[in-house]
file start14.txt (compact mmCIF, C-alpha atoms)
# COMPACT_ATOMS: atom_id res chain seq x y z
CA MET B 8 -65.66 17.44 -118.79
CA PRO B 9 -67.45 20.26 -116.90
CA PRO B 10 -67.59 23.51 -118.89
CA ARG B 11 -65.74 25.61 -116.29
CA GLN B 12 -62.90 23.13 -116.54
CA LEU B 13 -63.04 23.11 -120.34
CA ARG B 14 -60.36 25.47 -121.51
CA THR B 15 -60.05 24.46 -125.15
CA LEU B 16 -61.88 22.41 -127.73
CA ALA B 17 -58.68 21.69 -129.58
CA THR B 18 -56.06 19.20 -128.44
CA ALA B 19 -52.32 19.51 -128.27
CA VAL B 20 -52.10 16.84 -130.96
CA SER B 21 -54.31 18.74 -133.37
CA ALA B 22 -52.45 21.99 -132.66
CA ALA B 23 -49.15 20.30 -133.38
CA ALA B 24 -50.52 18.81 -136.59
CA LEU B 25 -51.66 22.23 -137.76
CA ALA B 26 -48.26 23.70 -136.96
CA LEU B 27 -46.49 20.96 -138.93
CA ALA B 28 -48.85 21.41 -141.85
CA ALA B 29 -48.23 25.16 -141.88
CA ALA B 30 -44.48 24.60 -141.71
CA GLY B 31 -44.66 22.17 -144.60
CA THR B 32 -46.60 24.64 -146.71
CA ALA B 33 -44.07 27.37 -146.00
CA LEU B 34 -41.18 25.13 -147.04
CA ALA B 35 -42.94 23.98 -150.18
CA THR B 36 -43.82 27.47 -151.36
CA GLY B 37 -40.74 29.28 -150.09
CA HIS B 38 -42.93 31.70 -148.16
CA HIS B 39 -43.03 32.47 -144.48
CA ALA B 40 -46.09 33.30 -142.42
CA ALA B 41 -47.20 36.92 -142.52
CA PRO B 42 -46.31 38.97 -139.44
CA PRO B 43 -49.11 39.27 -136.86
CA ALA B 44 -51.52 42.11 -137.48
CA PRO B 45 -51.09 45.07 -135.11
CA VAL B 46 -53.64 45.37 -132.35
CA THR B 47 -55.97 48.37 -132.28
CA ALA B 48 -55.14 50.95 -129.64
CA PRO B 49 -57.49 50.75 -126.64
CA THR B 50 -60.29 53.18 -125.93
CA ALA B 51 -60.00 54.84 -122.54
CA LEU B 52 -62.64 53.25 -120.30
CA GLY B 53 -63.46 53.94 -116.67
CA GLY B 54 -62.60 51.32 -114.09
CA ASN B 55 -66.33 50.65 -113.71
CA TRP B 56 -66.31 48.79 -117.05
CA TYR B 57 -63.30 46.62 -116.19
CA ALA B 58 -65.04 45.89 -112.86
CA ALA B 59 -68.13 44.71 -114.73
CA ALA B 60 -66.48 42.85 -117.62
CA PRO B 61 -67.93 39.32 -118.01
CA TYR B 62 -65.68 36.43 -119.04
CA LEU B 63 -65.47 35.50 -122.71
CA MET B 64 -63.47 32.67 -124.25
CA PRO B 65 -62.41 34.11 -127.63
CA LEU B 66 -61.14 30.84 -129.14
CA ASP B 67 -63.28 28.08 -127.60
CA ASN B 68 -66.81 27.20 -126.44
CA ASP B 69 -68.49 28.56 -129.60
CA PRO B 70 -67.52 32.21 -128.98
CA PRO B 71 -70.28 34.65 -129.87
CA ASP B 72 -69.69 37.77 -131.92
CA ALA B 73 -68.55 40.25 -129.28
CA GLY B 74 -69.76 43.22 -131.33
CA ALA B 75 -73.26 41.78 -131.54
CA VAL B 76 -73.28 41.29 -127.75
CA MET B 77 -72.17 44.91 -127.31
CA ASP B 78 -74.98 46.15 -129.56
CA ALA B 79 -77.61 44.05 -127.80
CA THR B 80 -76.58 44.81 -124.21
CA GLY B 81 -74.51 47.97 -124.05
CA ILE B 82 -71.55 46.12 -122.50
CA LYS B 83 -68.22 47.81 -123.19
CA ALA B 84 -65.61 45.40 -121.79
CA PHE B 85 -64.91 41.67 -121.77
CA GLN B 86 -62.65 39.48 -119.65
CA LEU B 87 -60.81 37.26 -122.17
CA ALA B 88 -59.87 33.80 -120.86
CA PHE B 89 -57.38 32.19 -120.31
CA VAL B 90 -53.65 32.93 -120.48
CA LEU B 91 -51.63 29.83 -119.50
CA ALA B 92 -48.17 28.33 -119.76
CA PRO B 93 -47.56 26.20 -122.88
CA ASN B 94 -48.90 22.65 -122.59
CA GLY B 95 -45.49 21.38 -123.66
CA GLY B 96 -43.67 23.29 -120.93
CA GLY B 97 -41.97 26.67 -120.71
CA CYS B 98 -42.46 30.14 -119.29
CA SER B 99 -44.11 31.96 -122.19
CA PRO B 100 -47.75 33.07 -122.39
CA THR B 101 -50.30 31.21 -124.51
CA TRP B 102 -54.05 31.16 -124.91
CA ASP B 103 -55.41 27.91 -123.46
CA GLY B 104 -51.90 26.41 -123.35
CA LEU B 105 -51.97 25.99 -127.14
CA HIS B 106 -51.78 29.34 -128.93
CA PRO B 107 -48.62 31.42 -128.31
CA VAL B 108 -49.42 35.05 -127.57
CA ASP B 109 -46.44 36.35 -129.52
CA ALA B 110 -47.72 34.79 -132.78
CA ASP B 111 -51.41 35.41 -132.17
CA THR B 112 -53.66 36.99 -134.79
CA ASP B 113 -57.05 35.49 -133.87
CA VAL B 114 -57.44 37.09 -130.44
CA THR B 115 -55.97 40.28 -131.89
CA LYS B 116 -58.88 40.41 -134.35
CA VAL B 117 -61.41 39.93 -131.56
CA ILE B 118 -59.85 42.72 -129.49
CA SER B 119 -59.66 45.07 -132.47
CA ALA B 120 -63.33 44.47 -133.27
CA ILE B 121 -64.31 45.26 -129.67
CA ARG B 122 -62.18 48.40 -129.60
CA ALA B 123 -63.54 49.54 -132.95
CA LYS B 124 -66.95 49.77 -131.24
CA GLY B 125 -65.59 51.81 -128.34
CA GLY B 126 -64.95 48.90 -125.97
CA ASP B 127 -61.92 47.24 -124.43
CA VAL B 128 -60.77 43.98 -122.86
CA SER B 129 -58.97 42.59 -119.86
CA ALA B 130 -57.07 39.31 -119.99
CA SER B 131 -57.66 36.62 -117.38
CA ILE B 132 -54.73 34.46 -116.41
CA GLY B 133 -55.00 31.05 -114.81
CA GLY B 134 -58.43 29.50 -114.37
CA TYR B 135 -59.30 25.98 -113.31
CA ASN B 136 -57.46 23.90 -115.89
CA GLY B 137 -54.02 23.76 -117.50
CA THR B 138 -50.55 24.75 -116.28
CA LYS B 139 -50.28 28.27 -114.92
CA LEU B 140 -47.33 30.55 -115.51
CA GLY B 141 -46.87 30.86 -111.76
CA GLN B 142 -46.18 27.13 -111.73
CA ALA B 143 -43.94 27.11 -114.82
CA CYS B 144 -41.88 30.25 -114.18
CA GLY B 145 -39.33 29.99 -111.40
CA THR B 146 -39.62 33.46 -109.86
CA PRO B 147 -42.03 36.36 -109.52
CA GLU B 148 -39.82 38.33 -111.90
CA ALA B 149 -39.96 35.67 -114.60
CA THR B 150 -43.71 35.30 -114.12
CA ALA B 151 -44.19 39.06 -114.41
CA ALA B 152 -42.07 39.18 -117.56
CA ALA B 153 -44.34 36.59 -119.19
CA TYR B 154 -47.46 38.58 -118.31
CA GLN B 155 -45.83 41.82 -119.45
CA GLN B 156 -45.63 40.27 -122.92
CA VAL B 157 -49.44 39.96 -122.90
CA ILE B 158 -49.88 43.55 -121.70
CA ASP B 159 -47.52 44.87 -124.37
CA LYS B 160 -48.92 42.71 -127.16
CA TYR B 161 -52.49 43.92 -126.71
CA GLY B 162 -51.97 47.30 -125.01
CA LEU B 163 -53.90 46.08 -121.98
CA LYS B 164 -55.20 48.40 -119.27
CA ALA B 165 -56.58 45.57 -117.10
CA LEU B 166 -55.59 42.07 -115.97
CA ASP B 167 -57.32 39.40 -113.88
CA PHE B 168 -55.43 36.84 -111.80
CA ASP B 169 -57.76 33.81 -111.57
CA LEU B 170 -56.02 31.90 -108.78
CA GLU B 171 -57.79 28.64 -108.02
CA GLU B 172 -57.09 24.95 -107.79
CA PRO B 173 -54.82 23.25 -108.33
CA GLU B 174 -52.44 26.22 -108.54
CA TYR B 175 -53.53 27.94 -105.34
CA GLU B 176 -52.61 24.80 -103.40
CA ASN B 177 -48.98 25.40 -104.49
CA THR B 178 -47.43 28.00 -102.17
CA ALA B 179 -44.46 28.64 -104.48
CA ALA B 180 -46.76 29.24 -107.46
CA ILE B 181 -48.96 31.65 -105.48
CA HIS B 182 -45.85 33.48 -104.28
CA ASN B 183 -44.86 33.88 -107.94
CA GLU B 184 -48.33 35.04 -109.01
CA ILE B 185 -48.79 37.61 -106.24
CA GLY B 186 -45.21 38.80 -106.67
CA ALA B 187 -45.76 39.14 -110.42
CA ALA B 188 -48.97 41.10 -109.86
CA LYS B 189 -47.15 43.53 -107.58
CA ILE B 190 -44.37 44.00 -110.14
CA LEU B 191 -46.89 44.64 -112.92
CA GLN B 192 -48.76 47.11 -110.72
CA GLN B 193 -45.55 49.07 -110.20
CA LYS B 194 -44.39 48.86 -113.82
CA ASN B 195 -47.75 49.74 -115.39
CA PRO B 196 -49.27 52.70 -113.48
CA GLY B 197 -53.05 52.68 -113.64
CA LEU B 198 -53.27 48.99 -114.58
CA TYR B 199 -56.59 47.62 -113.28
CA LEU B 200 -55.91 44.38 -111.36
CA SER B 201 -58.42 41.88 -110.03
CA VAL B 202 -57.66 38.69 -108.13
CA THR B 203 -60.31 35.96 -108.37
CA THR B 204 -60.43 32.85 -106.22
CA ALA B 205 -62.80 30.12 -105.05
CA GLY B 206 -65.77 30.93 -102.83
CA THR B 207 -67.05 28.93 -99.86
CA ALA B 208 -69.87 29.44 -97.37
CA ASP B 209 -67.47 31.24 -95.01
CA GLY B 210 -66.15 33.44 -97.81
CA THR B 211 -63.21 31.49 -99.13
CA GLY B 212 -61.41 28.33 -98.08
CA TRP B 213 -58.07 27.62 -96.47
CA PHE B 214 -56.11 28.09 -99.70
CA GLY B 215 -57.96 31.29 -100.51
CA LYS B 216 -57.08 32.67 -97.07
CA GLN B 217 -53.47 31.56 -97.60
CA MET B 218 -53.45 33.54 -100.87
CA LEU B 219 -54.75 36.64 -99.06
CA ASN B 220 -52.03 36.26 -96.43
CA GLU B 221 -49.45 36.02 -99.22
CA ALA B 222 -50.76 39.29 -100.65
CA LYS B 223 -50.55 40.88 -97.21
CA SER B 224 -46.99 39.62 -96.70
CA GLN B 225 -45.96 41.19 -100.01
CA SER B 226 -47.86 44.44 -99.30
CA PHE B 227 -49.89 43.93 -102.47
CA THR B 228 -53.39 45.36 -102.82
CA PRO B 229 -55.22 44.91 -106.14
CA ASP B 230 -58.32 46.82 -107.21
CA ASN B 231 -60.34 43.93 -105.81
CA PHE B 232 -60.33 40.41 -104.45
CA SER B 233 -63.26 38.49 -105.94
CA ILE B 234 -64.75 35.16 -104.91
CA MET B 235 -66.68 32.65 -107.03
CA PRO B 236 -69.59 31.44 -104.87
CA PHE B 237 -70.66 28.50 -106.99
CA ASP B 238 -69.68 24.83 -107.29
CA GLY B 239 -69.57 24.68 -103.50
CA GLY B 240 -73.05 23.74 -102.33
CA PHE B 241 -74.59 27.15 -102.96
CA ASN B 242 -78.32 27.44 -103.51
CA GLY B 243 -79.35 30.69 -105.17
CA ALA B 244 -78.65 34.29 -104.27
CA ALA B 245 -79.15 34.07 -100.48
CA ALA B 246 -76.24 31.64 -100.14
CA GLN B 247 -74.08 33.90 -102.32
CA THR B 248 -74.78 37.12 -100.44
CA SER B 249 -74.11 35.28 -97.18
CA ALA B 250 -70.72 34.20 -98.56
CA LEU B 251 -69.98 37.79 -99.59
CA THR B 252 -70.79 39.00 -96.08
CA ASN B 253 -68.45 36.39 -94.63
CA PHE B 254 -65.73 37.20 -97.16
CA ASN B 255 -65.96 40.83 -96.09
CA ALA B 256 -65.11 39.67 -92.56
CA VAL B 257 -62.14 37.69 -93.93
CA LEU B 258 -60.82 40.79 -95.72
CA ARG B 259 -61.26 42.89 -92.59
CA SER B 260 -59.40 40.44 -90.39
CA THR B 261 -56.60 39.90 -92.93
CA PHE B 262 -55.88 43.50 -93.90
CA GLY B 263 -57.25 45.44 -90.91
CA TRP B 264 -59.83 47.25 -93.06
CA ASP B 265 -63.16 48.52 -91.83
CA GLU B 266 -66.34 47.12 -93.38
CA ALA B 267 -66.75 49.84 -96.03
CA THR B 268 -63.11 49.63 -97.12
CA ALA B 269 -63.35 45.85 -97.38
CA TYR B 270 -66.46 46.08 -99.57
CA ALA B 271 -64.68 48.67 -101.72
CA HIS B 272 -62.05 45.96 -102.41
CA GLU B 273 -64.48 43.04 -102.73
CA GLY B 274 -65.95 41.47 -105.85
CA ILE B 275 -68.00 38.52 -107.04
CA SER B 276 -67.75 36.25 -110.06
CA GLN B 277 -70.96 34.29 -110.63
CA MET B 278 -71.86 31.38 -112.90
CA ASN B 279 -74.98 32.04 -114.91
CA GLY B 280 -77.55 29.26 -115.19
CA ARG B 281 -76.64 25.71 -114.19
CA SER B 282 -73.27 25.33 -112.45
CA ASP B 283 -70.87 22.40 -112.82
CA THR B 284 -72.32 20.78 -109.69
CA GLY B 285 -75.98 21.29 -110.61
CA GLU B 286 -76.68 24.51 -108.72
CA PHE B 287 -79.04 26.93 -110.50
CA PHE B 288 -78.64 30.70 -110.66
CA THR B 289 -81.41 32.52 -112.49
CA GLN B 290 -81.91 36.09 -113.60
CA ALA B 291 -83.73 36.74 -110.31
CA ASP B 292 -80.67 35.52 -108.38
CA PHE B 293 -78.43 37.82 -110.40
CA GLN B 294 -80.72 40.76 -109.64
CA THR B 295 -80.55 40.03 -105.91
CA VAL B 296 -76.75 39.83 -106.01
CA LEU B 297 -76.59 43.02 -108.10
CA ASP B 298 -78.71 44.83 -105.52
CA PHE B 299 -76.43 43.57 -102.74
CA ALA B 300 -73.26 44.56 -104.61
CA THR B 301 -74.44 48.08 -105.44
CA SER B 302 -75.92 48.78 -102.00
CA HIS B 303 -72.64 47.73 -100.36
CA HIS B 304 -70.54 49.61 -102.94
CA MET B 305 -68.66 46.48 -103.93
CA ALA B 306 -65.76 46.78 -106.34
CA ARG B 307 -66.58 44.16 -108.97
CA LEU B 308 -69.40 42.04 -110.42
CA THR B 309 -68.66 39.61 -113.24
CA ASN B 310 -69.80 36.19 -114.44
CA TRP B 311 -68.76 33.02 -116.21
CA SER B 312 -69.51 33.43 -119.08
CA VAL B 313 -70.74 35.27 -122.17
CA ASN B 314 -70.26 32.00 -124.11
CA ARG B 315 -72.94 30.47 -121.85
CA ASP B 316 -75.29 33.48 -121.88
CA ARG B 317 -77.90 32.01 -124.23
CA GLN B 318 -80.56 29.35 -124.01
CA CYS B 319 -79.64 25.83 -125.04
CA THR B 320 -80.97 24.58 -128.39
CA PRO B 321 -83.01 22.50 -127.99
CA PRO B 322 -83.86 23.85 -124.52
CA ASP B 323 -82.20 21.77 -121.79
CA ASN B 324 -83.11 23.41 -118.52
CA ASN B 325 -82.22 20.67 -116.05
CA GLY B 326 -80.10 17.86 -117.37
CA ARG B 327 -76.62 19.14 -118.17
CA THR B 328 -74.13 21.92 -117.73
CA SER B 329 -72.83 23.35 -120.98
CA GLY B 330 -69.95 25.60 -121.92
CA THR B 331 -72.02 27.20 -124.68
CA CYS B 332 -75.45 27.77 -123.07
CA SER B 333 -76.93 28.30 -119.62
CA SER B 334 -79.42 25.41 -119.24
CA VAL B 335 -82.05 27.84 -117.89
CA PRO B 336 -84.84 29.67 -119.74
CA GLN B 337 -83.49 33.00 -120.95
CA GLY B 338 -83.12 35.47 -123.75
CA ASP B 339 -79.74 35.93 -125.38
CA TRP B 340 -77.35 37.87 -123.15
CA ASP B 341 -79.80 38.28 -120.24
CA PHE B 342 -77.02 37.79 -117.69
CA THR B 343 -74.56 40.13 -119.43
CA LYS B 344 -77.08 42.94 -118.93
CA PHE B 345 -76.53 42.72 -115.17
CA SER B 346 -72.89 43.62 -115.77
CA VAL B 347 -74.02 46.64 -117.76
CA LYS B 348 -76.22 47.74 -114.86
CA PHE B 349 -73.37 47.29 -112.39
CA ALA B 350 -71.21 49.54 -114.56
CA GLY B 351 -73.86 52.22 -114.17
CA ALA B 352 -75.38 52.02 -117.66
CA THR B 353 -78.82 51.00 -118.88
CA PRO B 354 -79.10 48.10 -121.33
CA PRO B 355 -81.04 48.95 -124.50
CA THR B 356 -84.58 47.60 -124.67
CA ALA B 357 -85.15 48.30 -128.37
CA PRO B 358 -83.43 50.22 -131.18
CA PRO B 359 -84.26 53.94 -130.88
CA THR B 360 -86.78 55.20 -133.44
CA THR B 361 -85.37 58.72 -133.38
CA ALA B 362 -81.94 60.00 -132.58
CA PRO B 363 -81.64 61.15 -128.96
CA PRO B 364 -80.90 64.84 -128.42
CA THR B 365 -77.22 65.64 -128.25
CA THR B 366 -76.19 67.19 -124.94
CA PRO B 367 -72.57 68.18 -124.48
CA PRO B 368 -70.87 66.76 -121.37
CA GLY B 369 -71.82 68.98 -118.46
CA GLY B 370 -74.68 70.66 -120.30
CA GLY B 371 -75.48 73.96 -118.61
CA CYS B 372 -74.14 72.90 -115.22
CA ALA B 373 -72.19 75.32 -113.03
CA ALA B 374 -69.61 72.74 -111.93
CA SER B 375 -66.61 72.01 -114.14
CA PRO B 376 -67.10 69.17 -116.63
CA TYR B 377 -65.84 65.74 -115.57
CA ALA B 378 -62.35 64.95 -116.93
CA ALA B 379 -61.38 61.26 -117.15
CA GLY B 380 -57.71 61.87 -116.32
CA SER B 381 -58.30 64.07 -113.30
CA VAL B 382 -58.11 62.96 -109.68
CA TYR B 383 -61.15 63.77 -107.50
CA VAL B 384 -61.40 63.56 -103.73
CA GLY B 385 -64.39 63.41 -101.41
CA GLY B 386 -66.55 66.51 -101.77
CA ASP B 387 -65.41 67.48 -105.28
CA THR B 388 -68.28 68.25 -107.67
CA VAL B 389 -68.36 67.89 -111.45
CA SER B 390 -70.91 68.09 -114.22
CA PHE B 391 -71.59 65.15 -116.54
CA ASN B 392 -74.40 64.47 -119.02
CA GLY B 393 -76.55 67.29 -117.70
CA HIS B 394 -76.27 66.30 -114.01
CA SER B 395 -74.14 67.50 -111.11
CA TRP B 396 -72.18 64.82 -109.25
CA LYS B 397 -70.24 64.78 -105.97
CA ALA B 398 -67.34 62.42 -105.25
CA ARG B 399 -67.70 60.44 -102.02
CA TRP B 400 -64.01 59.51 -101.89
CA TRP B 401 -60.84 59.53 -104.00
CA THR B 402 -61.37 58.44 -107.59
CA GLN B 403 -59.78 58.63 -111.02
CA GLY B 404 -60.97 57.31 -114.36
CA GLU B 405 -64.48 56.26 -113.27
CA ALA B 406 -67.11 58.33 -115.06
CA PRO B 407 -69.98 59.58 -112.88
CA SER B 408 -72.83 57.09 -112.61
CA THR B 409 -75.16 55.59 -110.03
CA GLY B 410 -73.43 52.20 -110.31
CA GLY B 411 -69.83 51.06 -110.47
CA SER B 412 -67.99 51.49 -107.17
CA GLY B 413 -70.60 53.92 -105.83
CA VAL B 414 -68.04 56.73 -105.59
CA TRP B 415 -70.33 59.28 -107.28
CA GLN B 416 -73.45 60.85 -105.74
CA ASP B 417 -75.99 62.19 -108.26
CA LEU B 418 -76.98 65.70 -107.16
CA GLY B 419 -79.64 65.92 -109.84
CA ALA B 420 -80.15 67.62 -113.18
CA CYS B 421 -78.63 71.03 -113.65

call {"tool": "encode", "arguments": {"input": "start14.txt", "output": "structure tokens"}}
result
Amino acid sequence: MPPRQLRTLATAVSAAALALAAAGTALATGHHAAPPAPVTAPTALGGNWYAAAPYLMPLDNDPPDAGAVMDATGIKAFQLAFVLAPNGGGCSPTWDGLHPVDADTDVTKVISAIRAKGGDVSASIGGYNGTKLGQACGTPEATAAAYQQVIDKYGLKALDFDLEEPEYENTAAIHNEIGAAKILQQKNPGLYLSVTTAGTADGTGWFGKQMLNEAKSQSFTPDNFSIMPFDGGFNGAAAQTSALTNFNAVLRSTFGWDEATAYAHEGISQMNGRSDTGEFFTQADFQTVLDFATSHHMARLTNWSVNRDRQCTPPDNNGRTSGTCSSVPQGDWDFTKFSVKFAGATPPTAPPTTAPPTTPPGGGCAASPYAAGSVYVGGDTVSFNGHSWKARWWTQGEAPSTGGSGVWQDLGAC
């Protein structure tokens, strides 16, 4: 089974067997399972980190230690995948269709470890495989209530709607998903929302355009609409940037935006290394796409996945697509570092030999220090890390940097 389609290494049978065994132990000993451990409160991150968060499967595909990836790359956020409806039916959230969110402790531990190091997570709902909550829940309201459980359980500040086949071929399911996203946006002010769908040479296909029209009909605008230009006859970065240009035209025609506004709502989700259909995307391709995304001030750049961001052992650079390695020559976490750059940070090259000098935010700058909770409009200036910065347009929660959405202009050192 192709690794993008692989959503769990366990089976429903084995999950049921484990549940029965646990129940039997509880009956035999007279004890009940301990209540789930509380999740660590999130660290406040700018939207640039949620926009750059690469996908990570926390329960399957040999998940790496997220803290070690953070130390090696400087990444601060991960996109945890995937929240689905239960394999046995119902309208309650699970991980991979097998692990109920309300009883979860394993993903809680992963999230707490990430937050303990100053990071945070978003949850991705849907994906390629399994039954989606938009299919299982009868209304947008019921779908939103299921997702709200995930937000409340983990204290989420970000959510990704991965709407692709076969769900996005179901108009009722897409109506439920888009309606749920709009409800969550209204109920959770400041919630970062991305919508991810399939990419084609002309941007996105018929069902992707239908999804955009559904969003327009419901007056729903997320932080970004992202396409996945892989598994569709793409050949390196040139084919991907061409698809992004064409998708920009689709967004303009659908929502009546100008080119800059469309790019400010446009994102890309790449597949690092060998794709399911045998396409290859190398570090050089990622650099080209990164340059395109930053120069056009795109809203999001992510990839599938951190689980695959390591060289196969033994090296297998042509023959297969894996869910746990990239099938191209690479160092560990090479592709994750492009997400760090998009967020406006610089990946570490080696452990520092001496502690860097401590400079208070703003240093000796004349402008007021940047405040994460403040709203800035075009022309506003702030000081941050010893530099003066000017906002190009409205922004809130995105720390000044030369990456991210491109909202900040570096005016130089104070």

call {"tool": "residues_around", "arguments": {"input": "start14.txt", "residues": "His303 of chain B", "least_positions_apart": "2", "cutoff": "9 Å", "atoms": "all atoms listed in the file", "output": "ChimeraX atom specification"}}
result
/B:267,270-271,298-301,305,413

call {"tool": "closest_residue", "arguments": {"input": "start14.txt", "among": "B:Pro236, B:Gly393, B:Pro407, B:Gly137", "to": "Gly351 of chain B", "atoms": "only C-alpha atoms"}}
result
B:Pro407

call {"tool": "residues_near_point", "arguments": {"input": "start14.txt", "point": "(-51.3, 27.2, -102.8)", "cutoff": "10 Å", "atoms": "all atoms listed in the file", "output": "PyMOL selection string"}}
result
chain B and resi 170-182+213-218+221

call {"tool": "closest_residue", "arguments": {"input": "start14.txt", "among": "B:Gln416, B:Thr150, B:Gln142, B:Thr80", "to": "Asp341 of chain B", "atoms": "all atoms listed in the file"}}
result
B:Thr80

call {"tool": "residues_around", "arguments": {"input": "start14.txt", "residues": "Ala246 of chain B", "least_positions_apart": "3", "cutoff": "12 Å", "atoms": "all atoms listed in the file", "output": "PyMOL selection string"}}
result
chain B and resi 206-210+235-243+249-253+286-288+292+295-296

call {"tool": "atom_distance", "arguments": {"input": "start14.txt", "atom1": "atom CA of Ser260 of chain B", "atom2": "atom CA of Ala306 of chain B"}}
result
18.3 Å

call {"tool": "atom_distance", "arguments": {"input": "start14.txt", "atom1": "atom CA of Gly338 of chain B", "atom2": "atom CA of Asn68 of chain B"}}
result
18.5 Å

call {"tool": "closest_atom_pairs", "arguments": {"input": "start14.txt", "of": "segment 118-173 of chain B", "to": "segment 92-100 of chain B", "cutoff": "7 Å", "atoms": "all atoms listed in the file", "output": "Markdown table"}}
result
| residue | atom | partner | partner_atom | distance |
| --- | --- | --- | --- | --- |
| B:Thr138 | CA | B:Ala92 | CA | 5.5 |
| B:Lys139 | CA | B:Ala92 | CA | 5.3 |
| B:Leu140 | CA | B:Ala92 | CA | 4.9 |
| B:Ala143 | CA | B:Cys98 | CA | 5.6 |
| B:Cys144 | CA | B:Cys98 | CA | 5.1 |
| B:Ala153 | CA | B:Ser99 | CA | 5.5 |
| B:Tyr154 | CA | B:Pro100 | CA | 6.9 |

call {"tool": "closest_residue", "arguments": {"input": "start14.txt", "among": "B:Pro65, B:Leu91, B:Phe293, B:Leu163", "to": "Lys116 of chain B", "atoms": "all atoms listed in the file"}}
result
B:Pro65

call {"tool": "atom_distance", "arguments": {"input": "start14.txt", "atom1": "atom CA of Gly197 of chain B", "atom2": "atom CA of Thr343 of chain B"}}
result
25.6 Å

call {"tool": "closest_residue", "arguments": {"input": "start14.txt", "among": "B:Gly54, B:Asn279, B:His304, B:Lys348", "to": "Thr328 of chain B", "atoms": "all atoms listed in the file"}}
result
B:Asn279

call {"tool": "closest_residue", "arguments": {"input": "start14.txt", "among": "B:Glu148, B:Asp72, B:Asp103, B:Asp169", "to": "Ile118 of chain B", "atoms": "all atoms listed in the file"}}
result
B:Asp72

call {"tool": "residues_around", "arguments": {"input": "start14.txt", "residues": "Asn314 of chain B", "least_positions_apart": "2", "cutoff": "7 Å", "atoms": "all atoms listed in the file", "output": "list in words"}}
result
Leu63, Met64, Asn68, Asp69, Pro70, Pro71, Ser312, Asp316, Gly330, Thr331 and Cys332 of chain B

call {"tool": "closest_residue", "arguments": {"input": "start14.txt", "among": "B:Ala205, B:Leu198, B:Ala420, B:Val128", "to": "Ala84 of chain B", "atoms": "only C-alpha atoms"}}
result
B:Val128

call {"tool": "residues_around", "arguments": {"input": "start14.txt", "residues": "Ala48 of chain B", "least_positions_apart": "4", "cutoff": "10 Å", "atoms": "only C-alpha atoms", "output": "VMD selection string"}}
result
chain B and resid 118 to 119 122 to 123 127 161 to 163

call {"tool": "write_last_selection", "arguments": {"input": "start14.txt", "atoms": "C-alpha atoms", "output": "mmCIF file, in the frame of the given file"}}
result
data_model
loop_
_atom_site.group_PDB
_atom_site.id
_atom_site.type_symbol
_atom_site.label_atom_id
_atom_site.label_comp_id
_atom_site.auth_asym_id
_atom_site.auth_seq_id
_atom_site.Cartn_x
_atom_site.Cartn_y
_atom_site.Cartn_z
ATOM 1 C CA ILE B 118 -59.850 42.720 -129.490
ATOM 2 C CA SER B 119 -59.660 45.070 -132.470
ATOM 3 C CA ARG B 122 -62.180 48.400 -129.600
ATOM 4 C CA ALA B 123 -63.540 49.540 -132.950
ATOM 5 C CA ASP B 127 -61.920 47.240 -124.430
ATOM 6 C CA TYR B 161 -52.490 43.920 -126.710
ATOM 7 C CA GLY B 162 -51.970 47.300 -125.010
ATOM 8 C CA LEU B 163 -53.900 46.080 -121.980
#
